[in-house]
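Worksheet: one structure, shown below.
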Amino acid sequence: MSLAATPAHALGPVLRRKKRVPWWLRLRDIWYSPQLLQRTIAQSSMLAVVYAIFAFGGVYGWAYGGAYLLIFAVVGLWAAAWMSGRLAGRWHAIYLPLLLFHGWIAAQYIFGLTVSRGLTLSTWLHYSAGCALLFLLTQTLELRRDAPWMLPSCSLLCGAVAGLALAQYFTGIHRIYWVELYGYAVPAGPYVNRNHFAGCMELLLPLAIMQAIVVRRRGGVLTALWSLCPALGLAAMLMSVSRAGVSAVILETLIGLAVLAWALRHLRQKGGAASPPRPANSTALVCQPSLELAANQALATRASGALAHRTIVPRRKKRFRLRSRTGAALSIVVILVAFTAAIGTSSLRSRWSQLQSQRGDWDGRLTLTRGTLAMWHARPWAGWGLGTWSSVYTSYGRFQDTAVFYDYAHNDYVQLLAETGVVGGALLVLGLGLAVWEYQTASLSAPADSPAWLLGIGGLLGCAGLLFHSAFDFNLHIPANALLFCVSMALFVVRPHAEGRRKQQKTQEFMPAEA
């Protein structure tokens with residue numbers, strides 16, 4: 001039977017059959033494609049963060065050890081790609097204080113400025129893993145390209161972690177994965193402590209809300225579905241009854257409204273100066289030089305008609321965006337009210353009332369802060385050594401009960417000041433200042449309301465919320481939250497590279513010598 005005589009329906013499955021590609025050939029394609037290689041490195045780094053979150057927040061050695069091994073392995077992959085000339089390095093201003101901080105910790109370890117080299121070395125490992133993750137993401141992320149997968153992934157992660165916490169709450173079994181029980185802390189979701197769960201929500205909630213805003217143009221049903229993730233996160237935040245967590249979310253909301261108002265004002269001023277009102281026929285005059293370059297007259301006519309249509313009907317598009325944005329916000333509010341009614345607010349009200357009736361918790365944190373400041377006054381410049389707070393505080397503690405033992409000062413700032421001295425505190429302020437400056441210099445590099453712009457705003461709000469919470473707790477000493485904080489930091493530090501509009505004198509690319 002010849003091929004010509006074969007029926008068409010019989011040839012269909014044969015012609016559609018594809019040859020199976022071996023896995024090593026796929027790896028070779030990733031290696032030889034810079035964009036695929038960058039995306040693989042970024043996604044592998046995010047996989048380490050997800051693993052640390054669901055592995056009890058990464059507080060155990062086997063949990064953060066696996067996450068750190070994956071991060072350092074991906075660093076080796078990036079280094080190999082950079083040495084071979086397949087990837088170009090990017091320099092960020094925030095790298096300078098990070099390098100100086102690691103140099104200062106190395107000086108503490110080498111010259112014996114720390115009271116315990118073992119504690120300094122183990123804590124240095126945590127800082128190195130976080131900085132390595134920040135480096136990988138700032139080298140490989142491009143917000144315009146990666147926002148379509150980054151925003152949905154963070155939103156789904158927020159919904160999964162919050163859904164686990166709510167399921168534990170409604171089933172009445174307050175155990176992690178319904179198995180692990182802790183007597184010294186109140187667990188929530190995969191976290192041992194509810195305050196650390198609140199810190200995770202502070203970082204993920206802004207990104208989940210931005211995803212709900214991005215999909216608002218695709219219909220009401222899809223908007224409501226994606227609004228479920230931030231609504232679950234807000235309900236789980238109320239369920240955790242974390243006072244600092246709720247306060248941080250309120251602060252994130254205020255900062256988000258301020259940034260949005262500033263961006264809209266800037267765009268309004270820029271649009272008014274750059275594009276004054278003119279008749280629709282002026283579009284053809286402005287676009288005439290570009291249309292003359294077209295070889296086909298029909299293509300030029302089609303492009304002119306498209307540009308004229310965009311110029312004539314801007315108000316209808318603006319009203320659509322306003323209605324869709326309002327619909328996304330209403331979906332989140334309605335779902336949140338439903339979950340709040342199911343959970344109840346009695347526990348949250350009683351928790352806040354303890355600030356006036358029972359001041360034991362608040363006074364205890366103030367006592368820790370006073371003792372930590374006394375430690376700093378004893379060695380103000382060099383500090384006692386990174387990670388040595390728990391071993392030195394017993395000599396400066398002001399608690400009457402000597403049997404009470406604390407691992408952390410419940411204030412990350414004063415603890416860092418006592419451990420690293422004025423040098424470490426100055427480098428912290430310099431790093432935060434350079435990160436904000438680097439974001440501000442390119443804050444409008446992406447069009448407002450685009451996924452890339454919203455992704456950067458979500459990272460900024462998450463960092464602001466956790467930095468506020470760190471003044472009352474030790475979230476930055478929880479490996480999962482520290483890694484997630486580095487992710488949020490990278491999302492707004494990487495903005496100068498997101499749209500390809502950077503200048504050579506502001507951001508330089510470095511290649512290996514042989515390249």
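Letters A, B, ... go to the chains of the structure tokens in the order shown; residues in each chain start at 1; ligands are counted from 1 in the same order.
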Write out as a ChimeraX atom specification each polymer residue whose atoms come within 10 Å of segment 141-151 of chain A, counting only C-alpha atoms; drop sequence neighbours fewer than 6 positions from it.
-> /A:35,38-39,41-43,46,157,204,207-212,214,446,450-456,458,490-492,494-500
Residue subset to file, keeping C-alpha atoms, as an mmCIF file, in the first residue's frame:
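Done, and the output landed in result.cif:
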```
data_model
loop_
_atom_site.group_PDB
_atom_site.id
_atom_site.type_symbol
_atom_site.label_atom_id
_atom_site.label_comp_id
_atom_site.auth_asym_id
_atom_site.auth_seq_id
_atom_site.Cartn_x
_atom_site.Cartn_y
_atom_site.Cartn_z
ATOM 1 C CA GLN A 35 17.647 32.757 28.881
ATOM 2 C CA GLN A 38 18.935 32.130 33.813
ATOM 3 C CA ARG A 39 15.376 30.932 34.355
ATOM 4 C CA ILE A 41 18.927 29.159 38.089
ATOM 5 C CA ALA A 42 16.186 31.479 39.371
ATOM 6 C CA GLN A 43 13.611 28.692 39.667
ATOM 7 C CA MET A 46 13.121 29.621 44.591
ATOM 8 C CA LEU A 157 2.768 29.671 47.836
ATOM 9 C CA LEU A 204 4.050 36.783 50.531
ATOM 10 C CA LEU A 207 2.991 39.565 45.935
ATOM 11 C CA ALA A 208 -0.301 37.647 46.114
ATOM 12 C CA ILE A 209 -2.269 40.899 45.987
ATOM 13 C CA MET A 210 -0.240 42.062 42.987
ATOM 14 C CA GLN A 211 -1.099 38.830 41.163
ATOM 15 C CA ALA A 212 -4.811 39.464 41.783
ATOM 16 C CA VAL A 214 -2.537 41.583 37.238
ATOM 17 C CA ALA A 446 8.664 49.742 33.792
ATOM 18 C CA SER A 450 2.552 46.252 34.398
ATOM 19 C CA PRO A 451 3.436 42.870 35.980
ATOM 20 C CA ALA A 452 7.099 43.882 36.238
ATOM 21 C CA TRP A 453 6.240 47.116 38.049
ATOM 22 C CA LEU A 454 3.827 45.350 40.420
ATOM 23 C CA LEU A 455 6.409 42.654 41.154
ATOM 24 C CA GLY A 456 8.905 45.282 42.273
ATOM 25 C CA GLY A 458 5.395 43.678 46.063
ATOM 26 C CA ALA A 490 16.055 41.073 44.987
ATOM 27 C CA LEU A 491 12.693 41.866 43.397
ATOM 28 C CA PHE A 492 13.109 45.612 43.808
ATOM 29 C CA VAL A 494 16.848 44.045 40.220
ATOM 30 C CA ARG A 495 14.563 46.688 38.705
ATOM 31 C CA PRO A 496 17.308 48.628 36.841
ATOM 32 C CA HIS A 497 17.857 45.506 34.723
ATOM 33 C CA ALA A 498 14.193 44.649 34.218
ATOM 34 C CA GLU A 499 13.428 46.629 31.081
ATOM 35 C CA GLY A 500 16.788 46.873 29.353
#
```
Extract, using only C-alpha atoms, all DNA, RNA and protein residues at most 6 Å from segment 58-74 of chain A, discarding same-chain residues fewer than 5 positions from it, and format them as an MDAnalysis selection string.
-> chainID A and resid 45 48 52 129 479:480
Selection to disk with all heavy atoms, as a PDB file, in the first residue's frame:
```pdb
ATOM      1  N   SER A  45      16.656  28.360  42.697  1.00  0.00           N
ATOM      2  CA  SER A  45      16.829  29.134  43.925  1.00  0.00           C
ATOM      3  C   SER A  45      15.508  29.274  44.673  1.00  0.00           C
ATOM      4  O   SER A  45      15.458  29.151  45.907  1.00  0.00           O
ATOM      5  CB  SER A  45      17.401  30.508  43.593  1.00  0.00           C
ATOM      6  OG  SER A  45      18.621  30.391  42.878  1.00  0.00           O
ATOM      7  N   ALA A  48      14.573  26.145  46.638  1.00  0.00           N
ATOM      8  CA  ALA A  48      15.216  26.038  47.955  1.00  0.00           C
ATOM      9  C   ALA A  48      14.436  26.804  49.009  1.00  0.00           C
ATOM     10  O   ALA A  48      14.304  26.355  50.153  1.00  0.00           O
ATOM     11  CB  ALA A  48      16.653  26.554  47.864  1.00  0.00           C
ATOM     12  N   ALA A  52      12.518  25.222  52.372  1.00  0.00           N
ATOM     13  CA  ALA A  52      12.788  25.693  53.731  1.00  0.00           C
ATOM     14  C   ALA A  52      11.498  26.102  54.442  1.00  0.00           C
ATOM     15  O   ALA A  52      11.350  25.882  55.644  1.00  0.00           O
ATOM     16  CB  ALA A  52      13.767  26.862  53.696  1.00  0.00           C
ATOM     17  N   ALA A 129      24.435  32.061  52.999  1.00  0.00           N
ATOM     18  CA  ALA A 129      23.392  31.467  52.155  1.00  0.00           C
ATOM     19  C   ALA A 129      22.388  32.533  51.697  1.00  0.00           C
ATOM     20  O   ALA A 129      21.975  32.546  50.528  1.00  0.00           O
ATOM     21  CB  ALA A 129      22.673  30.357  52.916  1.00  0.00           C
ATOM     22  N   PRO A 479      15.610  30.737  59.218  1.00  0.00           N
ATOM     23  CA  PRO A 479      16.187  30.557  57.870  1.00  0.00           C
ATOM     24  C   PRO A 479      15.193  30.750  56.733  1.00  0.00           C
ATOM     25  O   PRO A 479      15.525  31.411  55.729  1.00  0.00           O
ATOM     26  CB  PRO A 479      16.727  29.118  57.924  1.00  0.00           C
ATOM     27  CG  PRO A 479      17.030  28.886  59.363  1.00  0.00           C
ATOM     28  CD  PRO A 479      15.968  29.625  60.120  1.00  0.00           C
ATOM     29  N   ALA A 480      13.984  30.208  56.852  1.00  0.00           N
ATOM     30  CA  ALA A 480      13.025  30.343  55.755  1.00  0.00           C
ATOM     31  C   ALA A 480      12.629  31.794  55.531  1.00  0.00           C
ATOM     32  O   ALA A 480      12.564  32.274  54.381  1.00  0.00           O
ATOM     33  CB  ALA A 480      11.786  29.494  56.038  1.00  0.00           C
TER      34      ALA A 480
END
```
Within segment 152-261 of chain A, find each residue whose DSSP state, derived from the backbone, is strand (DSSP E or B), and express the selection as an NGL selection string.
-> :A and (176 or 180 or 188 or 191)
DSSP-assigned helix (DSSP H, G or I) among segment 42-290 of chain A, expressed as JSON, numbers by chain | {"A": [42, 43, 44, 45, 46, 47, 48, 49, 50, 51, 52, 53, 54, 56, 57, 58, 61, 62, 63, 64, 65, 66, 67, 68, 69, 70, 71, 72, 73, 74, 75, 76, 77, 78, 79, 80, 81, 82, 83, 95, 96, 97, 98, 99, 100, 101, 102, 103, 104, 105, 106, 107, 108, 109, 110, 117, 118, 119, 120, 121, 122, 123, 124, 125, 126, 127, 128, 129, 130, 131, 132, 133, 134, 135, 136, 137, 138, 139, 140, 143, 144, 145, 146, 147, 148, 149, 150, 151, 152, 153, 154, 155, 156, 157, 158, 159, 160, 161, 162, 163, 164, 165, 166, 167, 168, 169, 170, 171, 194, 195, 196, 197, 198, 199, 200, 201, 202, 203, 204, 205, 206, 207, 208, 209, 210, 211, 212, 213, 214, 215, 216, 217, 218, 220, 221, 222, 223, 224, 225, 226, 227, 228, 229, 230, 231, 232, 233, 234, 235, 236, 237, 238, 239, 240, 243, 244, 245, 246, 247, 248, 249, 250, 251, 252, 253, 254, 255, 256, 257, 258, 259, 260, 261, 262, 263, 264, 265, 266, 267, 268, 269, 270, 271, 272, 273, 274, 282, 283, 284, 285, 286, 287, 288, 289, 290]}
